[in-house]
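Visitor: Structure file protein21.tsv (TSV, C-alpha atoms) right here:
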chain	number	residue	atom	x	y	z
A	1	MET	CA	-29.89	-45.54	16.81
A	2	TYR	CA	-27.50	-45.54	13.84
A	3	HIS	CA	-27.53	-49.32	13.69
A	4	ILE	CA	-31.33	-49.38	13.72
A	5	LEU	CA	-31.48	-46.84	10.90
A	6	ILE	CA	-28.99	-48.82	8.81
A	7	SER	CA	-31.07	-51.97	9.30
A	8	ILE	CA	-34.22	-50.14	8.21
A	9	TYR	CA	-32.38	-48.66	5.22
A	10	GLN	CA	-31.11	-52.11	4.27
A	11	LEU	CA	-34.64	-53.49	4.32
A	12	CYS	CA	-35.94	-50.59	2.23
A	13	VAL	CA	-33.20	-51.04	-0.39
A	14	ARG	CA	-33.98	-54.76	-0.57
A	15	ILE	CA	-37.69	-54.11	-1.17
A	16	TYR	CA	-37.12	-51.22	-3.56
A	17	SER	CA	-34.59	-53.27	-5.54
A	18	LEU	CA	-37.46	-55.48	-6.70
A	19	PHE	CA	-38.97	-52.54	-8.61
A	20	ASP	CA	-36.13	-50.11	-9.35
A	21	LYS	CA	-33.15	-50.91	-11.60
A	22	LYS	CA	-30.70	-48.62	-9.81
A	23	ALA	CA	-31.62	-49.96	-6.38
A	24	GLY	CA	-31.34	-53.48	-7.77
A	25	LEU	CA	-27.83	-52.84	-9.03
A	26	MET	CA	-26.79	-51.42	-5.66
A	27	TRP	CA	-28.28	-54.35	-3.71
A	28	LYS	CA	-26.73	-57.02	-5.94
A	29	GLY	CA	-23.43	-55.16	-6.19
A	30	GLY	CA	-23.06	-54.81	-2.44
A	31	ARG	CA	-23.73	-58.51	-1.90
A	32	ALA	CA	-21.36	-59.50	-4.72
A	33	ALA	CA	-18.52	-57.34	-3.35
A	34	PHE	CA	-17.35	-60.03	-0.96
A	35	ASP	CA	-17.03	-62.52	-3.82
A	36	VAL	CA	-15.08	-59.97	-5.86
A	37	LEU	CA	-12.71	-59.33	-2.97
A	38	GLY	CA	-12.33	-63.00	-2.18
A	39	GLU	CA	-11.33	-63.72	-5.77
A	40	GLN	CA	-9.16	-60.68	-6.50
A	41	VAL	CA	-7.38	-59.62	-3.31
A	42	ASP	CA	-3.75	-60.74	-3.35
A	43	ALA	CA	-2.76	-61.66	0.20
A	44	HIS	CA	0.86	-60.75	-0.55
A	45	SER	CA	0.08	-57.19	-1.72
A	46	LYS	CA	-0.44	-53.95	0.18
A	47	TYR	CA	-3.68	-52.12	-0.59
A	48	ILE	CA	-4.72	-48.49	-0.39
A	49	TRP	CA	-8.50	-48.18	-0.24
A	50	VAL	CA	-10.25	-45.21	-1.88
A	51	HIS	CA	-14.02	-44.87	-1.43
A	52	ALA	CA	-16.21	-42.56	-3.52
A	53	ALA	CA	-19.98	-42.45	-3.19
A	54	SER	CA	-20.61	-41.76	-6.86
A	55	LEU	CA	-19.12	-40.42	-10.08
A	56	GLY	CA	-18.58	-36.86	-8.88
A	57	GLU	CA	-16.66	-37.98	-5.81
A	58	PHE	CA	-14.63	-40.36	-7.96
A	59	GLU	CA	-13.49	-37.42	-10.09
A	60	GLN	CA	-12.36	-35.69	-6.89
A	61	GLY	CA	-10.42	-38.75	-5.80
A	62	ARG	CA	-9.00	-39.60	-9.21
A	63	PRO	CA	-5.97	-37.24	-9.07
A	64	LEU	CA	-4.97	-38.87	-5.79
A	65	ILE	CA	-5.38	-42.40	-7.18
A	66	GLU	CA	-3.30	-41.61	-10.22
A	67	TYR	CA	-0.57	-39.94	-8.18
A	68	LEU	CA	-0.32	-42.97	-5.89
A	69	LYS	CA	-0.24	-45.39	-8.83
A	70	LYS	CA	2.52	-43.42	-10.51
A	71	GLU	CA	4.67	-42.55	-7.51
A	72	HIS	CA	4.04	-45.63	-5.35
A	73	PRO	CA	3.48	-48.65	-7.60
A	74	GLU	CA	4.35	-50.91	-4.68
A	75	TYR	CA	0.75	-50.39	-3.48
A	76	LYS	CA	-2.38	-51.69	-5.13
A	77	ILE	CA	-5.55	-49.59	-5.25
A	78	LEU	CA	-8.98	-50.80	-4.14
A	79	LEU	CA	-11.72	-48.45	-5.37
A	80	THR	CA	-15.24	-48.75	-4.01
A	81	PHE	CA	-18.50	-47.03	-4.90
A	82	PHE	CA	-21.80	-46.77	-3.09
A	83	SER	CA	-23.93	-45.67	-6.05
A	84	PRO	CA	-24.49	-47.43	-9.39
A	85	SER	CA	-24.07	-44.08	-11.13
A	86	GLY	CA	-20.42	-44.25	-10.10
A	87	TYR	CA	-19.67	-47.95	-10.30
A	88	GLU	CA	-21.45	-48.71	-13.58
A	89	VAL	CA	-19.61	-45.88	-15.35
A	90	ARG	CA	-16.14	-46.53	-13.89
A	91	LYS	CA	-16.11	-50.27	-13.23
A	92	ASN	CA	-13.43	-50.70	-15.92
A	93	TYR	CA	-11.24	-47.80	-14.76
A	94	GLU	CA	-7.64	-48.83	-15.32
A	95	GLY	CA	-6.21	-46.78	-12.46
A	96	ALA	CA	-7.48	-49.19	-9.80
A	97	ASP	CA	-6.54	-52.82	-9.27
A	98	ILE	CA	-9.89	-53.85	-7.78
A	99	ILE	CA	-13.23	-52.06	-8.20
A	100	CYS	CA	-16.44	-53.04	-6.43
A	101	TYR	CA	-19.45	-51.74	-4.53
A	102	LEU	CA	-19.13	-50.96	-0.84
A	103	PRO	CA	-21.45	-53.24	1.16
A	104	LEU	CA	-23.89	-51.45	3.47
A	105	ASP	CA	-22.41	-50.13	6.69
A	106	THR	CA	-23.36	-52.85	9.15
A	107	ARG	CA	-20.89	-54.06	11.78
A	108	SER	CA	-20.67	-57.52	10.23
A	109	ASN	CA	-20.17	-56.16	6.71
A	110	ALA	CA	-17.47	-53.73	7.85
A	111	ARG	CA	-15.54	-56.40	9.76
A	112	ARG	CA	-15.77	-58.87	6.88
A	113	PHE	CA	-14.78	-56.28	4.29
A	114	LEU	CA	-11.72	-55.07	6.20
A	115	SER	CA	-10.65	-58.60	7.06
A	116	LEU	CA	-10.63	-59.49	3.37
A	117	VAL	CA	-8.74	-56.42	2.23
A	118	HIS	CA	-6.45	-55.48	5.15
A	119	PRO	CA	-5.86	-51.96	3.73
A	120	CYS	CA	-2.80	-50.13	4.96
A	121	MET	CA	-4.47	-46.76	4.36
A	122	ALA	CA	-7.95	-45.49	3.42
A	123	PHE	CA	-9.34	-42.36	1.77
A	124	PHE	CA	-12.98	-41.32	1.97
A	125	ILE	CA	-13.90	-38.65	-0.58
A	126	LYS	CA	-15.90	-35.57	0.44
A	127	TYR	CA	-19.10	-36.59	2.26
A	128	GLU	CA	-18.45	-40.21	3.20
A	129	PHE	CA	-18.80	-40.83	6.96
A	130	TRP	CA	-19.71	-44.50	7.42
A	131	TYR	CA	-19.88	-45.10	11.17
A	132	ASN	CA	-18.98	-48.80	11.38
A	133	TYR	CA	-16.28	-48.80	8.73
A	134	LEU	CA	-14.60	-45.80	10.29
A	135	HIS	CA	-14.71	-47.09	13.86
A	136	ILE	CA	-13.27	-50.45	12.86
A	137	LEU	CA	-10.55	-48.74	10.80
A	138	LYS	CA	-9.61	-46.77	13.90
A	139	GLN	CA	-9.68	-49.86	16.12
A	140	ARG	CA	-7.29	-51.57	13.73
A	141	GLN	CA	-5.04	-48.48	13.66
A	142	ILE	CA	-5.38	-48.03	9.91
A	143	PRO	CA	-4.78	-44.39	8.80
A	144	VAL	CA	-7.88	-42.92	7.20
A	145	TYR	CA	-8.19	-39.54	5.45
A	146	SER	CA	-11.10	-37.37	4.40
A	147	VAL	CA	-10.32	-35.74	1.05
A	148	SER	CA	-11.93	-32.54	-0.33
A	149	SER	CA	-14.44	-32.59	2.52
A	150	ILE	CA	-16.61	-29.59	3.23
A	151	PHE	CA	-18.70	-28.88	6.33
A	152	ARG	CA	-21.64	-26.57	6.97
A	153	PRO	CA	-23.32	-25.47	10.23
A	154	THR	CA	-26.56	-27.19	9.18
A	155	GLN	CA	-24.98	-30.67	9.08
A	156	VAL	CA	-25.97	-33.18	11.74
A	157	PHE	CA	-22.52	-33.16	13.35
A	158	PHE	CA	-23.03	-29.61	14.59
A	159	GLN	CA	-26.59	-29.97	15.93
A	160	TRP	CA	-27.40	-30.83	19.55
A	161	TYR	CA	-29.07	-34.05	18.45
A	162	GLY	CA	-26.08	-35.09	16.32
A	163	ARG	CA	-23.27	-34.78	18.82
A	164	ARG	CA	-23.23	-38.52	19.49
A	165	TYR	CA	-22.95	-39.29	15.79
A	166	SER	CA	-20.23	-36.64	15.42
A	167	ARG	CA	-17.87	-39.02	17.21
A	168	VAL	CA	-17.40	-40.68	13.86
A	169	LEU	CA	-15.32	-37.67	12.79
A	170	HIS	CA	-12.76	-38.47	15.48
A	171	CYS	CA	-11.97	-41.69	13.61
A	172	PHE	CA	-10.15	-39.82	10.85
A	173	THR	CA	-6.38	-39.51	10.92
A	174	HIS	CA	-6.55	-36.24	9.00
A	175	PHE	CA	-9.03	-34.02	7.18
A	176	PHE	CA	-8.19	-32.22	3.94
A	177	VAL	CA	-11.00	-29.65	3.78
A	178	GLN	CA	-12.01	-27.17	1.13
A	179	ASN	CA	-12.31	-23.97	3.17
A	180	GLU	CA	-11.77	-22.11	6.44
A	181	GLU	CA	-15.40	-22.49	7.53
A	182	SER	CA	-14.97	-26.26	7.51
A	183	ARG	CA	-11.80	-26.06	9.59
A	184	ALA	CA	-13.50	-23.76	12.12
A	185	LEU	CA	-16.57	-26.00	12.46
A	186	LEU	CA	-14.39	-29.04	13.11
A	187	ALA	CA	-12.41	-27.05	15.69
A	188	GLU	CA	-15.66	-26.33	17.57
A	189	ILE	CA	-16.11	-30.05	18.23
A	190	GLY	CA	-12.50	-30.65	19.18
A	191	ILE	CA	-10.99	-31.74	15.87
A	192	SER	CA	-7.70	-30.08	14.96
A	193	ASN	CA	-6.07	-32.61	12.61
A	194	VAL	CA	-7.15	-30.50	9.64
A	195	THR	CA	-5.48	-28.97	6.59
A	196	ILE	CA	-7.18	-26.51	4.24
A	197	SER	CA	-6.17	-28.02	0.91
A	198	GLY	CA	-8.96	-26.87	-1.40
A	199	ASP	CA	-10.86	-29.05	-3.85
A	200	THR	CA	-9.08	-31.68	-5.96
A	201	ARG	CA	-11.64	-31.13	-8.74
A	202	PHE	CA	-9.69	-28.03	-9.81
A	203	ASP	CA	-6.64	-30.21	-10.40
A	204	ARG	CA	-8.73	-32.80	-12.19
A	205	VAL	CA	-10.36	-30.42	-14.69
A	206	GLN	CA	-7.00	-28.82	-15.48
A	207	GLU	CA	-5.55	-32.26	-16.14
A	208	ILE	CA	-8.46	-33.15	-18.43
A	209	ALA	CA	-8.12	-29.89	-20.34
A	210	SER	CA	-4.40	-30.47	-20.89
A	211	LYS	CA	-5.01	-33.91	-22.46
A	212	VAL	CA	-8.15	-33.42	-24.55
A	213	GLY	CA	-7.74	-34.05	-28.25
A	214	ALA	CA	-9.89	-32.84	-31.13
A	215	LEU	CA	-13.24	-34.52	-31.78
A	216	PRO	CA	-13.93	-34.36	-35.54
A	217	ILE	CA	-17.72	-34.24	-35.27
A	218	LEU	CA	-17.60	-31.46	-32.67
A	219	SER	CA	-14.99	-29.55	-34.67
A	220	ALA	CA	-17.18	-29.65	-37.76
A	221	PHE	CA	-20.29	-28.63	-35.86
A	222	ALA	CA	-18.61	-25.67	-34.11
A	223	LYS	CA	-16.75	-24.40	-37.18
A	224	ASP	CA	-16.92	-20.58	-37.35
A	225	ALA	CA	-19.99	-20.51	-35.06
A	226	ARG	CA	-20.98	-19.23	-31.67
A	227	VAL	CA	-21.75	-22.35	-29.67
A	228	PHE	CA	-23.90	-22.69	-26.58
A	229	VAL	CA	-23.10	-25.88	-24.64
A	230	ALA	CA	-25.74	-27.17	-22.23
A	231	GLY	CA	-24.23	-29.82	-19.98
A	232	SER	CA	-26.07	-32.23	-17.65
A	233	SER	CA	-29.42	-30.60	-18.44
A	234	TRP	CA	-32.78	-31.69	-17.07
A	235	GLN	CA	-36.26	-30.91	-18.41
A	236	PRO	CA	-36.67	-27.68	-16.36
A	237	ASP	CA	-33.33	-26.41	-17.73
A	238	GLU	CA	-34.26	-27.30	-21.28
A	239	ARG	CA	-37.56	-25.44	-20.99
A	240	VAL	CA	-35.54	-22.29	-20.25
A	241	PHE	CA	-33.00	-22.27	-23.07
A	242	ILE	CA	-34.53	-24.27	-25.95
A	243	PRO	CA	-37.25	-21.70	-26.78
A	244	TYR	CA	-34.60	-18.98	-26.91
A	245	PHE	CA	-32.38	-20.81	-29.40
A	246	ASN	CA	-35.28	-21.95	-31.54
A	247	GLY	CA	-35.59	-18.29	-32.46
A	248	GLU	CA	-31.92	-17.26	-32.23
A	249	LYS	CA	-30.24	-18.48	-35.41
A	250	ARG	CA	-26.89	-16.81	-34.77
A	251	TRP	CA	-25.96	-19.61	-32.35
A	252	LYS	CA	-25.55	-23.35	-32.53
A	253	VAL	CA	-26.33	-25.56	-29.52
A	254	ILE	CA	-24.62	-28.66	-28.16
A	255	LEU	CA	-27.02	-30.34	-25.76
A	256	ALA	CA	-25.72	-33.03	-23.38
A	257	PRO	CA	-28.67	-34.08	-21.19
A	258	HIS	CA	-28.12	-35.67	-17.80
A	259	VAL	CA	-30.49	-38.50	-18.71
A	260	VAL	CA	-29.89	-40.03	-22.14
A	261	ASP	CA	-32.64	-42.64	-22.32
A	262	GLU	CA	-34.61	-42.79	-25.56
A	263	GLY	CA	-37.73	-41.22	-24.08
A	264	HIS	CA	-35.92	-38.09	-22.95
A	265	LEU	CA	-33.98	-37.79	-26.21
A	266	GLN	CA	-37.19	-37.91	-28.22
A	267	GLU	CA	-38.79	-35.38	-25.89
A	268	ILE	CA	-35.90	-32.98	-26.54
A	269	GLU	CA	-36.02	-33.48	-30.31
A	270	GLN	CA	-39.74	-32.72	-30.39
A	271	GLN	CA	-39.03	-29.29	-28.87
A	272	LEU	CA	-36.36	-28.29	-31.40
A	273	ALA	CA	-37.40	-26.10	-34.31
A	274	ARG	CA	-34.06	-26.15	-36.13
A	275	PRO	CA	-32.00	-28.98	-37.74
A	276	VAL	CA	-30.77	-31.52	-35.20
A	277	VAL	CA	-28.50	-34.57	-35.20
A	278	ARG	CA	-27.49	-37.02	-32.50
A	279	TYR	CA	-23.77	-37.49	-31.90
A	280	SER	CA	-23.98	-41.29	-32.19
A	281	LYS	CA	-25.59	-40.99	-35.64
A	282	SER	CA	-23.56	-38.10	-36.96
A	283	THR	CA	-20.63	-37.58	-39.28
A	284	PRO	CA	-18.59	-34.38	-39.61
A	285	ALA	CA	-20.60	-33.51	-42.74
A	286	LEU	CA	-23.96	-34.01	-41.02
A	287	ALA	CA	-22.81	-32.11	-37.94
A	288	GLU	CA	-21.70	-29.11	-39.99
A	289	GLU	CA	-25.22	-28.77	-41.41
A	290	ALA	CA	-27.04	-29.09	-38.07
A	291	ASP	CA	-27.95	-26.34	-35.62
A	292	TYR	CA	-28.43	-28.66	-32.63
A	293	LEU	CA	-26.11	-31.52	-31.71
A	294	ILE	CA	-27.34	-33.88	-29.00
A	295	ILE	CA	-24.69	-35.82	-27.06
A	296	ASP	CA	-26.55	-39.11	-26.59
A	297	GLY	CA	-23.93	-40.94	-24.51
A	298	TYR	CA	-21.65	-40.59	-21.51
A	299	GLY	CA	-17.99	-39.69	-21.06
A	300	LEU	CA	-17.66	-36.82	-23.55
A	301	LEU	CA	-18.96	-33.80	-21.68
A	302	SER	CA	-15.68	-32.55	-20.17
A	303	SER	CA	-14.21	-32.54	-23.70
A	304	VAL	CA	-17.29	-31.00	-25.30
A	305	TYR	CA	-17.00	-27.77	-23.33
A	306	ARG	CA	-13.84	-26.81	-25.24
A	307	TYR	CA	-16.08	-26.08	-28.25
A	308	GLY	CA	-18.31	-23.68	-26.35
A	309	THR	CA	-18.60	-19.93	-26.43
A	310	VAL	CA	-20.86	-20.04	-23.37
A	311	ALA	CA	-21.81	-22.97	-21.12
A	312	TYR	CA	-24.97	-23.74	-19.21
A	313	ILE	CA	-24.76	-26.30	-16.39
A	314	GLY	CA	-27.98	-28.11	-15.53
A	315	GLY	CA	-29.55	-29.09	-12.23
A	316	GLY	CA	-30.14	-25.61	-10.85
A	317	PHE	CA	-33.93	-25.93	-11.12
A	318	GLY	CA	-33.84	-29.22	-9.23
A	319	THR	CA	-31.65	-30.76	-6.56
A	320	GLY	CA	-28.57	-28.71	-7.40
A	321	VAL	CA	-26.15	-27.63	-10.12
A	322	HIS	CA	-23.75	-30.17	-11.60
A	323	ASN	CA	-20.00	-29.63	-12.09
A	324	VAL	CA	-19.33	-26.07	-13.28
A	325	LEU	CA	-15.54	-26.42	-13.20
A	326	GLU	CA	-15.45	-28.72	-16.25
A	327	ALA	CA	-16.72	-25.77	-18.29
A	328	ALA	CA	-14.99	-22.88	-16.52
A	329	VAL	CA	-11.54	-24.37	-17.14
A	330	TRP	CA	-12.05	-23.63	-20.86
A	331	GLN	CA	-12.29	-19.88	-20.13
A	332	ILE	CA	-15.94	-19.51	-21.03
A	333	PRO	CA	-18.75	-17.93	-18.96
A	334	VAL	CA	-20.86	-20.39	-17.03
A	335	ILE	CA	-24.65	-20.05	-16.51
A	336	PHE	CA	-26.78	-22.03	-14.03
A	337	GLY	CA	-30.15	-22.09	-12.30
A	338	PRO	CA	-31.05	-20.72	-8.84
A	339	ASN	CA	-30.55	-23.81	-6.66
A	340	ASN	CA	-26.82	-23.28	-6.16
A	341	GLY	CA	-26.43	-21.92	-2.63
A	342	ARG	CA	-24.64	-24.93	-1.16
A	343	PHE	CA	-21.91	-24.99	-3.81
A	344	MET	CA	-18.91	-22.94	-2.74
A	345	GLU	CA	-17.31	-22.91	-6.19
A	346	ILE	CA	-20.49	-21.46	-7.74
A	347	GLN	CA	-20.70	-18.67	-5.19
A	348	GLN	CA	-17.07	-17.83	-5.88
A	349	LEU	CA	-17.60	-17.93	-9.65
A	350	LYS	CA	-20.50	-15.53	-9.29
A	351	HIS	CA	-18.42	-13.26	-7.08
A	352	CYS	CA	-15.48	-13.11	-9.49
A	353	GLY	CA	-17.69	-12.49	-12.55
A	354	GLY	CA	-17.21	-15.80	-14.32
A	355	GLY	CA	-20.56	-17.38	-13.41
A	356	PHE	CA	-24.15	-16.17	-13.76
A	357	GLU	CA	-27.37	-17.26	-12.09
A	358	ILE	CA	-30.67	-17.13	-13.98
A	359	LYS	CA	-34.11	-17.63	-12.44
A	360	ASP	CA	-36.33	-18.01	-15.52
A	361	GLU	CA	-36.59	-17.60	-19.28
A	362	GLN	CA	-36.63	-13.81	-19.06
A	363	ASP	CA	-33.43	-13.76	-17.00
A	364	PHE	CA	-31.80	-16.07	-19.50
A	365	GLY	CA	-32.83	-13.99	-22.50
A	366	GLU	CA	-31.55	-10.77	-20.94
A	367	LEU	CA	-28.20	-12.36	-20.07
A	368	MET	CA	-27.78	-13.77	-23.58
A	369	GLN	CA	-28.58	-10.39	-25.09
A	370	LYS	CA	-25.86	-8.83	-22.96
A	371	ILE	CA	-23.40	-11.51	-24.08
A	372	ILE	CA	-24.30	-10.96	-27.74
A	373	SER	CA	-24.25	-7.17	-27.66
A	374	GLN	CA	-21.12	-6.74	-25.50
A	375	PRO	CA	-18.13	-8.73	-26.83
A	376	GLY	CA	-15.94	-7.28	-24.09
A	377	PHE	CA	-18.30	-8.64	-21.44
A	378	LEU	CA	-18.13	-12.12	-22.95
A	379	GLN	CA	-14.34	-12.11	-23.12
A	380	LEU	CA	-13.85	-10.77	-19.60
A	381	ALA	CA	-16.31	-13.24	-18.08
A	382	GLY	CA	-14.51	-16.12	-19.78
A	383	GLU	CA	-11.15	-14.91	-18.50
A	384	LYS	CA	-12.56	-14.63	-14.99
A	385	ALA	CA	-13.90	-18.18	-15.11
A	386	GLY	CA	-10.63	-19.67	-16.36
A	387	GLY	CA	-8.56	-17.61	-13.94
A	388	TYR	CA	-10.67	-18.81	-11.03
A	389	VAL	CA	-9.89	-22.45	-11.85
A	390	ARG	CA	-6.16	-21.82	-12.25
A	391	LYS	CA	-5.97	-19.89	-8.97
A	392	ASN	CA	-7.58	-22.68	-6.98
A	393	ALA	CA	-5.66	-25.65	-8.37
A	394	GLY	CA	-3.00	-27.34	-6.26
A	395	ALA	CA	-4.98	-29.31	-3.67
A	396	ILE	CA	-3.41	-32.59	-4.74
A	397	ASP	CA	0.08	-31.26	-3.94
A	398	VAL	CA	-0.96	-30.43	-0.39
A	399	ILE	CA	-2.59	-33.82	0.13
A	400	VAL	CA	0.14	-36.00	-1.30
A	401	LYS	CA	2.78	-34.22	0.76
A	402	LYS	CA	1.02	-35.31	3.95
A	403	VAL	CA	0.25	-38.77	2.59
A	404	PHE	CA	3.84	-39.23	1.46
A	405	GLU	CA	5.02	-38.43	4.97
A	406	ASP	CA	2.73	-41.13	6.35
A	407	ILE	CA	3.88	-43.66	3.77
A	408	LYS	CA	7.50	-42.96	4.65
A	409	ALA	CA	6.57	-43.46	8.30
A	410	GLY	CA	5.75	-47.07	7.49
A	411	CYS	CA	2.27	-47.66	6.11
Kindly transcribe the structure held in the file into structure tokens.
Guide:
Amino acid sequence: MYHILISIYQLCVRIYSLFDKKAGLMWKGGRAAFDVLGEQVDAHSKYIWVHAASLGEFEQGRPLIEYLKKEHPEYKILLTFFSPSGYEVRKNYEGADIICYLPLDTRSNARRFLSLVHPCMAFFIKYEFWYNYLHILKQRQIPVYSVSSIFRPTQVFFQWYGRRYSRVLHCFTHFFVQNEESRALLAEIGISNVTISGDTRFDRVQEIASKVGALPILSAFAKDARVFVAGSSWQPDERVFIPYFNGEKRWKVILAPHVVDEGHLQEIEQQLARPVVRYSKSTPALAEEADYLIIDGYGLLSSVYRYGTVAYIGGGFGTGVHNVLEAAVWQIPVIFGPNNGRFMEIQQLKHCGGGFEIKDEQDFGELMQKIISQPGFLQLAGEKAGGYVRKNAGAIDVIVKKVFEDIKAGC
């Protein structure tokens, strides 16, 4: 059944690629991967393969990649992506020796891919469970690890109709999971090669925060002001907070939308009733005079949060909230929409008092009034958010200890 579904999916991607840019990039990238590998793989080198579906998973795997590059330079790193939103942003990442798309998970693609690379070890980040790749890795006795994975009772592996597919989980050498629930679920289907390591994103955001330098335009904009940072916002998020700040002149707003195409940027600007400037067109002098600063590019957001008094993370009125940890590490309260139930870190932020869910404009206005009128509340919430990140860092240490043991054993 899996092989039939993959074939259908492959056909759908091929057809959709004729009309959709993202699908087109994925289709062409997957087909070009074999040429990339054929040209760049050094037959005399040993490769460690790290696979991340998209940009978020890459950030989870990045601390591991950089540890391996630093501590074990005798290995080269192959980094693969499934989604264009990961590959197109990080295709020039200097931490990997080869970067390409992962071809679709057919038997022939998996055999060809692994025959070209001959990895001595593989890491799949979080949710990646490609049936053919994993079975062939196991057949060839190549150690393969699942990093920062998280499991829920609703997943197919734990349903009566998914027990056959759940065999794919037995292909992993070891699981590094985020929580006890994941360990217990795996135990129910006979998997005990599990370590509760936590989430490597905590390590990653702490590393970013320790290295961020000043950004002159942001420094000028935020000077002596209360700053609301809206990160990865979508239209439903913007409809909640923009009306509030159009009438609240005691705050400035940094707005970093998830989609930065010209149409969306113009749509945002039409809603703003106070002076606005785009980051790409600004100078420190222009930024200081503006009340809204729109981040109209990628790669800055994790650094932008340092200038915030409060952060709002978008996606909670759609498919799900984006990365809250990038903001929380700066010891500021984090606000998000209601679609957040499947994110463990958000539930824990809410529980500790560093994160706040809002359901509509009224909720948002009431929360902001509390923040404005109670300085002690603002300070305590920020401390709770930052403390939560610090407490949960350290996953990379647990993972590399196990990996180092395997490397010493003769990878």
Visitor: Pick out the residues sitting within 12 Å of Glu181 in chain A, and hand them over as an NGL selection string; count all atoms listed in the file, and ignore anything fewer than 4 positions along from it in its own chain.
Guide: :A and (149-153 or 177 or 185-188 or 194-196 or 198 or 344)
Visitor: Write the residues of the preceding selection, restricted to C-alpha atoms, as a compact mmCIF listing (two decimals), keeping the file's coordinate frame.
Guide:
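Writing the result to part00.txt gives the following:
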# COMPACT_ATOMS: atom_id res chain seq x y z
CA SER A 149 -14.44 -32.59 2.52
CA ILE A 150 -16.61 -29.59 3.23
CA PHE A 151 -18.70 -28.88 6.33
CA ARG A 152 -21.64 -26.57 6.97
CA PRO A 153 -23.32 -25.47 10.23
CA VAL A 177 -11.00 -29.65 3.78
CA LEU A 185 -16.57 -26.00 12.46
CA LEU A 186 -14.39 -29.04 13.11
CA ALA A 187 -12.41 -27.05 15.69
CA GLU A 188 -15.66 -26.33 17.57
CA VAL A 194 -7.15 -30.50 9.64
CA THR A 195 -5.48 -28.97 6.59
CA ILE A 196 -7.18 -26.51 4.24
CA GLY A 198 -8.96 -26.87 -1.40
CA MET A 344 -18.91 -22.94 -2.74
Visitor: Which one is closest to Thr283 in chain A: A:Ile268, A:Phe228, A:Leu218, A:Leu102? Count all atoms listed in the file.
Guide: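 Answer, going by the shortest atom-to-atom distance: A:Leu218.
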Visitor: Find the distance between CA of Gly30 in chain A and CA of Tyr101 in chain A and write it in Å to one decimal.
Guide: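 Taking CA of Gly30 in chain A as the start and CA of Tyr101 in chain A as the end point, the length is 5.2 Å.
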Visitor: Can you pull out every residue within 10 Å of Phe221 in chain A, counting all atoms listed in the file, but drop anything in the same chain fewer than 2 positions away, and send it as a list in words?
Guide: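 Surrounding residues, per the criterion: Pro216, Ile217, Leu218, Ser219, Lys223, Asp224, Ala225, Val227, Lys252, Val253, Ile254, Thr283, Pro284, Ala285, Leu286, Ala287, Glu288, Glu289, Ala290, Asp291, Tyr292, Leu293 and Tyr307 of chain A.
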Visitor: Please provide as a ChimeraX atom specification all residues within 10 Å of Arg239 in chain A, with the sequence filter that same-chain residues fewer than 5 positions apart are discarded (counting all atoms listed in the file).
Guide: /A:233-234,244,268,271,360-361
